[in-house]
Amino acid sequence: MSRAADLTTAFFARPASWPLVLTGLLLAAWLIHRYGWLNPYQQQILMYVGIHIILTASLNLVNGYMGEFAVGHAAFMAVGAYVSSLITVRLFPFQAAPLLFPLALLVGSLAAGIVGLLVAFPSFRTRGDYLAIVTLALNMIVKSAIENLEVIGGPRGFLGMQRLTTLPWVVFWVISSLWLLRNFIYANLGRGVLAIREDEVAAELLGVDTRRVKLHAFILSASLAGLAGGLFAHVVQFITPRSFDIVRSTEILVMVYLGGIGSLAGSVIGATVYTVALEWLRFLGQWRMAIAPLLLVFLMILRPTGIMGLREFVAFIPREERNLRARLEALGRGRQGWPPAGEAGRVGPHGPA
Amino acid sequence: MPFVAQQMVNALQLGSIYALIALGYTLVYGVLRLINFAHGDIFMVGAFFSFFAAAVLGLPFLPTLLASMAATALLGVMIERLAYRPLRHAPRVSAVITALGVGLFLEHFTLASVGAQPRLMPPLIASAVYQAGPVRVTTVQLVIFLVALLLMLILDRFVNRTLTGMAMRAVSWDKSVVPLMGISVDRIIALTFAIGSGLAAAGGLLYATAYPVIEPYMGVLVGWKAFVAAVVGGIGVIRGAMLGAFVLGGAEVLVAAFLPSTYRDFIAFGLLLLLLIFRPQGILGRREVQKV
């Protein structure tokens, strides 16, 4: 185990490693898409996995890293899905839509980010259970608002999208989102996010501009959810307000806590395990959805912090951060209790501080 | 004016049902500081228990009420024992996620075992309409209101006037000192779950009496709304839950009366957002003092 970890560390310590891995992933996705190496059903599952990874990682920023409890993530997904679909169907000419698709996604995610402000502002005054209700209310309001807008189909839903989301696109957006989140978390603002989770008052006293941090975190989280919504809409090609109700939000929550809070690797694992496991359990028929939550309950009892739980794969930590930690360790900080004796092989996600 | 008065009667009916469910949220939150997200689904199971008691066993109203309350109370205690007690000392959020998991399990277990088709609740109360001044009141509305009022009065007396009720309040005040007074915290928490689930079952029966179509997903929206009611009143405050439920019921009914009914959720939750921005602790809640 430790040898494998060492090898991984050594591999990702080289500057050229990440571009190599990412290009490989993109190439593989393109080849699968172009030459049909996997059947359409398997490709669709992979696309769902990717979309779920974006959703899970973006919610993890707020719930895991910042320690809030937002329960209405599907609201932002809905905004992104509807805005981007409206653009590709009503605004773009049919032939040009595939080329302009990324633009539609970005506008959708921007719109979702603006809606995210509706959660960011109340979060200045309240947190915990009450913020949970604010997000819940937002989810209900967005769903209800869409149901009352006859122009975009109302409760009957909206259709007419082309199947613009392809596996290479999904892989591209997953990589971009994770890259963005990783850089955010390990930048100054991200330190502020962690400080808010540990103790908001203390963070404020130490000079963290908590409002600015919250604003950025909520907007980033919401706009990534909007992006995922746009991708989702162009896979299923038919969206209704019911696709984005509280049940969907619960599903995202489950993936976050299954994978583990405060961990990007955990988000990837949680989204993958949940999506694939639900497909794999299909042979159980209707009992599938009864077994899945039961597994979650067992997991929570046996391992309350989720699969990864505040730990991170070395590959998801920026190189500068790892160098910094190594230097701090060399300075003798390590002997004062970090990393704990016997856990030297494991790297905590948030550094020694 | 008669129109508004009539709507108020409808609001009382809806508010009574919300109140019974909201009490379960608030009781559990009071003793465990846990938002029991499975509660809406416990309400749904309560409605199904009532359905089986009434339709399969053919019981009349009162035995149906008692049977489903007892069965659901037992279910609540079992859930607490098996799912929540092992997590008493885990991070709070793990318990909340477990609650979500239990809720999903109840929904889909019911779906898989009784099927997805909605069931029609047999009418348990002979329907008659009384004209009281400008408003018409049906027997169903009267029964709902009286049963809910009675249960709430009993609960209020129980919590405020009995030794066990005092123990419940003590647990909610400080869990670490209570065992020193010779009170079993586990037993009090189990009792709280039993009471909360029993009330939810009563709510389930009353709901099914008023809106006789029941299905496995009925608990999701009603449960969330009852939760909203509990928060509006101030979560953890028993009288707050009752007040919040009637406020929410009133708001929903009035919106449905004057606007297209599809705006109901929109307005109800919009009001909730406004309330939370200006008074985050709820109507009767006390702001928690945070020690630094």
# chains A, B, ... in the order shown; residues from 1 in each chain; ligands from 1

call {"tool": "interface_residues", "arguments": {"of": "chain B", "to": "chain A", "cutoff": "9 Å", "atoms": "only C-alpha atoms", "output": "PyMOL selection string"}}
result
chain B and resi 35+83-84+86-87+90-91+93-95+97-113+220-221+224+227-228+231+262-270+272-273+276-277+280-281+292

call {"tool": "select_by_dssp", "arguments": {"residues": "region 198-305 of chain A", "states": "helix (DSSP H, G or I)", "output": "PyMOL selection string"}}
result
chain A and resi 198+200-205+210-236+241-244+246-259+264-302

call {"tool": "residues_around", "arguments": {"residues": "Ile146 (chain A)", "least_positions_apart": "5", "cutoff": "8 Å", "atoms": "only C-alpha atoms", "output": "PyMOL selection string"}}
result
chain A and resi 152+154-155+241

call {"tool": "write_last_selection", "arguments": {"atoms": "N, CA, C and O atoms", "output": "compact mmCIF listing (two decimals), in the first residue's frame"}}
result
# COMPACT_ATOMS: atom_id res chain seq x y z
N ILE A 152 -42.12 28.14 -21.14
CA ILE A 152 -41.11 27.10 -21.25
C ILE A 152 -41.69 25.73 -20.93
O ILE A 152 -41.01 24.82 -20.49
N GLY A 154 -44.10 24.87 -18.71
CA GLY A 154 -44.79 24.68 -17.44
C GLY A 154 -44.56 23.28 -16.89
O GLY A 154 -43.47 22.72 -17.04
N PRO A 155 -45.59 22.71 -16.27
CA PRO A 155 -45.41 21.38 -15.66
C PRO A 155 -45.20 20.27 -16.69
O PRO A 155 -44.76 19.18 -16.33
N PRO A 241 -40.03 20.09 -14.57
CA PRO A 241 -39.70 20.58 -13.22
C PRO A 241 -39.50 19.42 -12.24
O PRO A 241 -38.73 19.53 -11.29

call {"tool": "closest_residue", "arguments": {"among": "A:Thr88, A:Thr272, A:Ser17, A:Asn188", "to": "Arg319 (chain A)", "atoms": "only C-alpha atoms"}}
result
A:Ser17

call {"tool": "residues_around", "arguments": {"residues": "Ala208 (chain B)", "least_positions_apart": "2", "cutoff": "9 Å", "atoms": "only C-alpha atoms", "output": "count of residues only"}}
result
15

call {"tool": "atom_distance", "arguments": {"atom1": "CA of Phe94 (chain A)", "atom2": "CA of Ile114 (chain A)"}}
result
27.7 Å

call {"tool": "closest_residue", "arguments": {"among": "B:Leu146, B:Asn36, B:Ser261, B:Pro123", "to": "Ala202 (chain B)", "atoms": "only C-alpha atoms"}}
result
B:Leu146

call {"tool": "atom_distance", "arguments": {"atom1": "CA of Tyr217 (chain B)", "atom2": "CA of Leu62 (chain B)"}}
result
25.5 Å

call {"tool": "atom_distance", "arguments": {"atom1": "CA of Asn39 (chain A)", "atom2": "CA of Leu27 (chain A)"}}
result
17.4 Å
